[in-house]
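Enquirer: Dropping a structure here in structure tokens format, bear with me for questions.
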Amino acid sequence: MAGRDNRSHDRTPGAFPPPSRRRVLRLAGGGLALVALTVGTVGCEEEAVEVEEPGSAGGDATKGGGEGSGDGGGEKGQAPKPLWSKSTSAETYGDNDELVAAGGVVIASGSPLAALDAATGEQKWSLPGGAVPGAPLLLSKDTLYLASSDYDGSVIGYAPASGKETWRSRLGKEYRQPQPIAVDEEQVYVVAEILEKDGSSKTNVIAALNSTTGRIAWKEQRDVGTEQNGIHAAVRGRHLVYTDFKKNLTVRDTASGGQVWTHKTTKTNYGFFTVHQDLVIVPQGNLLQAFNLADGKEKWSLEASDGALFREPAVLEEVLYVADSARTMWAVDPRTGKQLWKSEALADAGLQVPRQYVKAGDTLYGATDLDKQGGIIAIDARTGAVRWTFNDKTGDYHAWLVATDGKRVFALHGKKLHALPV
């Protein structure tokens, strides 16, 4: 509305909406039937940023946008026109591991699982069975790992450029629905249900599979009450870090599988964290805390202002980026917790808070949960200024997802995939 003070209206200390119902289904378990949802059921704000019609340049840059070169935007801060836009078979639940770019292709989780040429959008290959709903697209340096869509207990590796199978492993008949959760140079880490004699499952196992031979390196039964689903994981050196829907943050030794330490996370944390060198960095309400991977001791903490709550963090090119629920954007030295800059450009522009980030050049690209006041937001990585926003104006209730190959930025919204120049 003209003349309205967006900052005083939009900055809402402590406002931390839960994840979308579609995302909760993804976290709660793959294969659940998705009930119909309507736009506006989750975290939508009142006022919308003006956007162009679908297939056009997208939204206005609003305050702070468009200045500086190399941001890929059009004239006067307008978002760039897509290089191409394609309808896909995507079936996403709003998690960050459902869109990947590698080997000259971009892949969105779905059935069939289709790989599109990054430059043209033309289909390069597809897998008829597709991705298992709720299971991640787990990408290593040269392999895409998927849970088998045949539900035969296999985990399979594919070459991203060609779609050819390059690796396969099985835990055994006594385990059901193994899902890959993390990968490093030597091992693929999976979680699977342990079958009872009657075919039910009350417990689950975490295991490491050799990424060359497929053989089991180790397996450890997790505690009763832990869940196979809702897991986010990362590997750094000798440490496998993961969270689950039971609000546990756990670190295991990658060589033996032994548990090194575990902490409880707050009710405002839905499993997200980031790692940098020997630290795991976790939002805990209005605190951002960094713990040593070796012993779980706190290394540093950062407090949000005005009672705001920290959202999803990301470390990109040695800088930690995170926003809070008051729509303040932070850039932080991940080693020390020292603030590099703090920006209120998101609040000034009335934009949603990003929940996923990628970086290309000096631009940070953030993807938001829902439509109208979100989409893909291009942010100056040096200052936090908003350069432009891209929105396809479909009104689709799916979360936006973003990925990059360094040459292009890929924006997925529902079944619509756009390639934007960087």
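Residues in the structure tokens are numbered from 1 in each chain, the chains being A, B, ... in the order shown, and ligands are numbered from 1 in the order shown.
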Excluding Gly285 of chain A and residues on its chain fewer than 6 positions from it, collect all residues at most 12 Å away from it, counting only C-alpha atoms, and give them as a VMD selection string.

Expert: chain A and resid 13 to 16 265 to 270 301 to 305 307 to 312 324 to 325

Enquirer: Atom CA of Gly258 of chain A and atom CA of Tyr175 of chain A, how far apart in Å?

Expert: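 Separating atom CA of Tyr175 of chain A from atom CA of Gly258 of chain A is a distance of 19.8 Å.
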
Enquirer: Would you give me, as a list in words, the residues in segment 76-146 of chain A that DSSP reads as helix (DSSP H, G or I)?

Expert: Lys76, Gly77, Asn96, Asp97 and Glu98 of chain A

Enquirer: Write out, as an mmCIF file, in the first residue's frame, the residues just selected, with N, CA, C and O atoms.

Expert:
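Result file out_26.cif:
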data_model
loop_
_atom_site.group_PDB
_atom_site.id
_atom_site.type_symbol
_atom_site.label_atom_id
_atom_site.label_comp_id
_atom_site.auth_asym_id
_atom_site.auth_seq_id
_atom_site.Cartn_x
_atom_site.Cartn_y
_atom_site.Cartn_z
ATOM 1 N N LYS A 76 17.423 -1.426 -14.483
ATOM 2 C CA LYS A 76 16.801 -0.823 -13.311
ATOM 3 C C LYS A 76 16.417 -1.869 -12.262
ATOM 4 O O LYS A 76 15.376 -1.756 -11.620
ATOM 5 N N GLY A 77 17.257 -2.877 -12.112
ATOM 6 C CA GLY A 77 17.055 -3.830 -11.038
ATOM 7 C C GLY A 77 16.007 -4.880 -11.286
ATOM 8 O O GLY A 77 15.682 -5.638 -10.372
ATOM 9 N N ASN A 96 15.634 -29.161 0.815
ATOM 10 C CA ASN A 96 16.674 -28.603 -0.043
ATOM 11 C C ASN A 96 17.394 -29.634 -0.900
ATOM 12 O O ASN A 96 18.169 -29.268 -1.780
ATOM 13 N N ASP A 97 17.173 -30.926 -0.653
ATOM 14 C CA ASP A 97 17.887 -31.964 -1.398
ATOM 15 C C ASP A 97 17.034 -32.537 -2.525
ATOM 16 O O ASP A 97 17.247 -33.660 -2.963
ATOM 17 N N GLU A 98 16.076 -31.777 -3.029
ATOM 18 C CA GLU A 98 15.183 -32.268 -4.066
ATOM 19 C C GLU A 98 15.415 -31.594 -5.423
ATOM 20 O O GLU A 98 14.670 -31.823 -6.366
#

Enquirer: Tell me, which residues of segment 258-388 of chain A carry DSSP strand (DSSP E or B), written as an MDAnalysis selection string?

Expert: chainID A and resid 259:264 274:276 279:284 287:292 298:303 310 314:316 319:324 329:332 339:343 356:360 363:367 376:380 386:388

Enquirer: Quick one: pull the distance between atom CA of Asp306 of chain A and atom CA of Gln284 of chain A, Å, one decimal.

Expert: 15.2 Å

Enquirer: From the options A:Val106, A:Ile181, A:Ala208, A:Val422, which residue's atoms come nearest to Asn229 of chain A, counting only C-alpha atoms?

Expert: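 Using only C-alpha atoms, Asn229 of chain A sits closest to A:Ile181.
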
Enquirer: Would you list the contacts of Val205 of chain A as a list in words, taking every protein, DNA or RNA residue within 8 Å and counting only C-alpha atoms, but skipping same-chain residues closer than 6 positions in sequence?

Expert: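 So, after excluding close chain neighbours, the residues are Val191, Ala192, Glu193, Ile194, Lys219, Glu220, Gln221 and Arg222 of chain A.
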
Enquirer: Counting only C-alpha atoms, what is within 9 Å of segment 239-251 of chain A, bar same-chain residues fewer than 5 positions away, as a ChimeraX atom specification?

Expert: /A:27-28,181-182,189,225-234,257-267,269-273,275,278,280,293-294,296

Enquirer: Print the selection's residues with C-alpha atoms to a file, as a PDB file, in the first residue's frame.

Expert:
ATOM      1  CA  LEU A  27       9.977 -34.845   6.881  1.00  0.00           C
ATOM      2  CA  ALA A  28       7.455 -37.210   8.433  1.00  0.00           C
ATOM      3  CA  ILE A 181      21.438 -39.421   4.009  1.00  0.00           C
ATOM      4  CA  ALA A 182      25.068 -38.341   3.454  1.00  0.00           C
ATOM      5  CA  TYR A 189      25.581 -43.289   4.891  1.00  0.00           C
ATOM      6  CA  GLY A 225      11.992 -43.872  19.648  1.00  0.00           C
ATOM      7  CA  THR A 226      14.259 -42.427  16.975  1.00  0.00           C
ATOM      8  CA  GLU A 227      12.801 -42.169  13.496  1.00  0.00           C
ATOM      9  CA  GLN A 228      14.061 -43.090  10.063  1.00  0.00           C
ATOM     10  CA  ASN A 229      12.420 -40.060   8.491  1.00  0.00           C
ATOM     11  CA  GLY A 230      13.004 -36.344   8.877  1.00  0.00           C
ATOM     12  CA  ILE A 231      16.780 -36.728   8.895  1.00  0.00           C
ATOM     13  CA  HIS A 232      19.180 -34.053   7.677  1.00  0.00           C
ATOM     14  CA  ALA A 233      22.851 -35.011   7.588  1.00  0.00           C
ATOM     15  CA  ALA A 234      26.342 -33.849   6.647  1.00  0.00           C
ATOM     16  CA  GLY A 257      29.824 -45.647  13.648  1.00  0.00           C
ATOM     17  CA  GLY A 258      30.170 -45.002  17.356  1.00  0.00           C
ATOM     18  CA  GLN A 259      28.231 -42.067  18.794  1.00  0.00           C
ATOM     19  CA  VAL A 260      30.514 -39.207  19.764  1.00  0.00           C
ATOM     20  CA  TRP A 261      27.902 -36.938  21.354  1.00  0.00           C
ATOM     21  CA  THR A 262      24.301 -35.807  21.086  1.00  0.00           C
ATOM     22  CA  HIS A 263      22.414 -32.640  22.048  1.00  0.00           C
ATOM     23  CA  LYS A 264      18.749 -31.744  22.112  1.00  0.00           C
ATOM     24  CA  THR A 265      17.628 -28.951  19.797  1.00  0.00           C
ATOM     25  CA  THR A 266      14.845 -26.478  20.484  1.00  0.00           C
ATOM     26  CA  LYS A 267      11.252 -26.737  19.306  1.00  0.00           C
ATOM     27  CA  ASN A 269      14.555 -26.012  14.997  1.00  0.00           C
ATOM     28  CA  TYR A 270      13.125 -28.298  12.326  1.00  0.00           C
ATOM     29  CA  GLY A 271      16.333 -30.159  11.665  1.00  0.00           C
ATOM     30  CA  PHE A 272      18.384 -27.541   9.874  1.00  0.00           C
ATOM     31  CA  PHE A 273      22.041 -26.806  10.559  1.00  0.00           C
ATOM     32  CA  VAL A 275      28.828 -27.298   9.141  1.00  0.00           C
ATOM     33  CA  ASP A 278      35.365 -28.541  12.757  1.00  0.00           C
ATOM     34  CA  VAL A 280      28.399 -27.569  13.459  1.00  0.00           C
ATOM     35  CA  LEU A 293      32.381 -31.601  16.249  1.00  0.00           C
ATOM     36  CA  ALA A 294      34.924 -33.432  18.379  1.00  0.00           C
ATOM     37  CA  GLY A 296      30.054 -30.968  21.446  1.00  0.00           C
TER      38      GLY A 296
END

Enquirer: Kindly indicate which residue among A:Asp150, A:Asp405, A:Asp369, A:Asp333 lies nearest to Tyr93 of chain A, using only C-alpha atoms for the distances.

Expert: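 Looking only at the distances to Tyr93 of chain A, the closest residue turns out to be A:Asp369.
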
Enquirer: List the spatial neighbours of Leu116 of chain A as JSON, numbers by chain - criterion: any atom at most 7 Å away, only C-alpha atoms, same-chain residues fewer than 2 positions off excluded.

Expert: {"A": [105, 106, 107, 114, 118, 121, 122, 123, 124]}

Enquirer: List the neighbours of segment 135-145 of chain A out to 8 Å using only C-alpha atoms; skip same-chain residues closer than 4 positions along the sequence, and give me the result as a PyMOL selection string.

Expert: chain A and resi 30+97-100+103+109+131+155-160+166+179-185

Enquirer: Could you write out that same residue set with N, CA and C atoms as a PDB file, in the first residue's frame?

Expert:
ATOM      1  N   GLY A  30       8.438 -40.447   3.494  1.00  0.00           N
ATOM      2  CA  GLY A  30       8.125 -40.523   2.085  1.00  0.00           C
ATOM      3  C   GLY A  30       6.957 -41.446   1.829  1.00  0.00           C
ATOM      4  N   ASP A  97      17.173 -30.926  -0.653  1.00  0.00           N
ATOM      5  CA  ASP A  97      17.887 -31.964  -1.398  1.00  0.00           C
ATOM      6  C   ASP A  97      17.034 -32.537  -2.525  1.00  0.00           C
ATOM      7  N   GLU A  98      16.076 -31.777  -3.029  1.00  0.00           N
ATOM      8  CA  GLU A  98      15.183 -32.268  -4.066  1.00  0.00           C
ATOM      9  C   GLU A  98      15.415 -31.594  -5.423  1.00  0.00           C
ATOM     10  N   LEU A  99      16.440 -30.762  -5.507  1.00  0.00           N
ATOM     11  CA  LEU A  99      16.855 -30.142  -6.759  1.00  0.00           C
ATOM     12  C   LEU A  99      18.373 -30.084  -6.769  1.00  0.00           C
ATOM     13  N   VAL A 100      19.008 -30.701  -7.782  1.00  0.00           N
ATOM     14  CA  VAL A 100      20.466 -30.717  -7.850  1.00  0.00           C
ATOM     15  C   VAL A 100      20.908 -30.393  -9.275  1.00  0.00           C
ATOM     16  N   GLY A 103      27.107 -32.320 -13.655  1.00  0.00           N
ATOM     17  CA  GLY A 103      27.347 -33.030 -14.898  1.00  0.00           C
ATOM     18  C   GLY A 103      26.645 -32.428 -16.099  1.00  0.00           C
ATOM     19  N   SER A 109      13.495 -33.875  -8.082  1.00  0.00           N
ATOM     20  CA  SER A 109      12.915 -35.118  -7.592  1.00  0.00           C
ATOM     21  C   SER A 109      11.526 -35.318  -8.172  1.00  0.00           C
ATOM     22  N   ALA A 131      12.316 -41.015  -8.369  1.00  0.00           N
ATOM     23  CA  ALA A 131      12.853 -40.912  -7.012  1.00  0.00           C
ATOM     24  C   ALA A 131      11.797 -41.357  -6.009  1.00  0.00           C
ATOM     25  N   VAL A 155      20.304 -49.377  -2.585  1.00  0.00           N
ATOM     26  CA  VAL A 155      20.691 -47.986  -2.804  1.00  0.00           C
ATOM     27  C   VAL A 155      21.548 -48.001  -4.066  1.00  0.00           C
ATOM     28  N   ILE A 156      21.251 -47.090  -5.007  1.00  0.00           N
ATOM     29  CA  ILE A 156      21.877 -47.147  -6.323  1.00  0.00           C
ATOM     30  C   ILE A 156      22.575 -45.827  -6.640  1.00  0.00           C
ATOM     31  N   GLY A 157      23.730 -45.914  -7.281  1.00  0.00           N
ATOM     32  CA  GLY A 157      24.451 -44.738  -7.728  1.00  0.00           C
ATOM     33  C   GLY A 157      24.368 -44.603  -9.238  1.00  0.00           C
ATOM     34  N   TYR A 158      24.186 -43.368  -9.718  1.00  0.00           N
ATOM     35  CA  TYR A 158      24.078 -43.089 -11.151  1.00  0.00           C
ATOM     36  C   TYR A 158      25.058 -41.979 -11.532  1.00  0.00           C
ATOM     37  N   ALA A 159      25.506 -42.012 -12.784  1.00  0.00           N
ATOM     38  CA  ALA A 159      26.292 -40.911 -13.329  1.00  0.00           C
ATOM     39  C   ALA A 159      25.332 -39.787 -13.692  1.00  0.00           C
ATOM     40  N   PRO A 160      25.468 -38.588 -13.107  1.00  0.00           N
ATOM     41  CA  PRO A 160      24.511 -37.516 -13.378  1.00  0.00           C
ATOM     42  C   PRO A 160      24.418 -37.137 -14.851  1.00  0.00           C
ATOM     43  N   THR A 166      26.070 -46.842 -11.868  1.00  0.00           N
ATOM     44  CA  THR A 166      27.497 -47.051 -11.657  1.00  0.00           C
ATOM     45  C   THR A 166      27.813 -47.781 -10.347  1.00  0.00           C
ATOM     46  N   GLN A 179      17.515 -45.455   3.047  1.00  0.00           N
ATOM     47  CA  GLN A 179      17.589 -44.160   2.378  1.00  0.00           C
ATOM     48  C   GLN A 179      18.961 -43.544   2.614  1.00  0.00           C
ATOM     49  N   PRO A 180      19.632 -43.113   1.558  1.00  0.00           N
ATOM     50  CA  PRO A 180      20.922 -42.437   1.747  1.00  0.00           C
ATOM     51  C   PRO A 180      20.706 -41.077   2.387  1.00  0.00           C
ATOM     52  N   ILE A 181      21.578 -40.707   3.322  1.00  0.00           N
ATOM     53  CA  ILE A 181      21.438 -39.421   4.009  1.00  0.00           C
ATOM     54  C   ILE A 181      22.670 -38.537   3.860  1.00  0.00           C
ATOM     55  N   ALA A 182      23.846 -39.137   3.588  1.00  0.00           N
ATOM     56  CA  ALA A 182      25.068 -38.341   3.454  1.00  0.00           C
ATOM     57  C   ALA A 182      26.112 -39.172   2.721  1.00  0.00           C
ATOM     58  N   VAL A 183      27.105 -38.494   2.169  1.00  0.00           N
ATOM     59  CA  VAL A 183      28.165 -39.180   1.436  1.00  0.00           C
ATOM     60  C   VAL A 183      29.462 -38.404   1.574  1.00  0.00           C
ATOM     61  N   ASP A 184      30.573 -39.131   1.640  1.00  0.00           N
ATOM     62  CA  ASP A 184      31.888 -38.503   1.576  1.00  0.00           C
ATOM     63  C   ASP A 184      32.714 -39.241   0.529  1.00  0.00           C
ATOM     64  N   GLU A 185      34.031 -39.089   0.542  1.00  0.00           N
ATOM     65  CA  GLU A 185      34.861 -39.675  -0.511  1.00  0.00           C
ATOM     66  C   GLU A 185      34.952 -41.189  -0.418  1.00  0.00           C
TER      67      GLU A 185
END

Enquirer: Go through A:Thr92, A:Ser162, A:Gln289, A:Ser149 one by one, measure the shortest atom-to-atom distance of each to Pro178 of chain A using only C-alpha atoms, and give the residue with the smallest value.

Expert: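 With only C-alpha atoms as the atom set, the closest residue is A:Ser149.
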
Enquirer: Work out how far atom CA of Pro313 of chain A is from atom CA of Ser211 of chain A, in Å to one decimal.

Expert: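 Those two atoms sit 28.6 Å apart.
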
Enquirer: Compare A:Asp152, A:Tyr397, A:Pro112, A:Gly104 by their minimum atom-to-atom distance to Ser89 of chain A, counting only C-alpha atoms, and give me the closest one.

Expert: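 Nearest candidate to Ser89 of chain A out of A:Asp152, A:Tyr397, A:Pro112, A:Gly104: A:Pro112.
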
Enquirer: Can you pull out every residue within 7 Å of Asp362 of chain A, counting only C-alpha atoms, but drop anything in the same chain fewer than 4 positions away, and send it as JSON, numbers by chain?

Expert: {"A": [380, 381, 382]}

Enquirer: Store the residues picked out above, limited to N, CA and C atoms, as a JSON list (two decimals), in the first residue's frame.

Expert:
[["chain", "number", "residue", "atom", "x", "y", "z"],
["A", 380, "ASP", "N", 22.99, -8.99, -2.73],
["A", 380, "ASP", "CA", 24.41, -8.67, -2.82],
["A", 380, "ASP", "C", 25.13, -9.34, -1.65],
["A", 381, "ALA", "N", 26.01, -10.29, -1.95],
["A", 381, "ALA", "CA", 26.68, -11.06, -0.90],
["A", 381, "ALA", "C", 27.65, -10.22, -0.09],
["A", 382, "ARG", "N", 27.98, -9.01, -0.58],
["A", 382, "ARG", "CA", 28.93, -8.15, 0.14],
["A", 382, "ARG", "C", 28.26, -7.20, 1.10]]

Enquirer: Using only C-alpha atoms, which residue out of A:Val282, A:Ala79, A:Val224, A:Ala101 lies closest to Leu412 of chain A?

Expert: A:Ala101
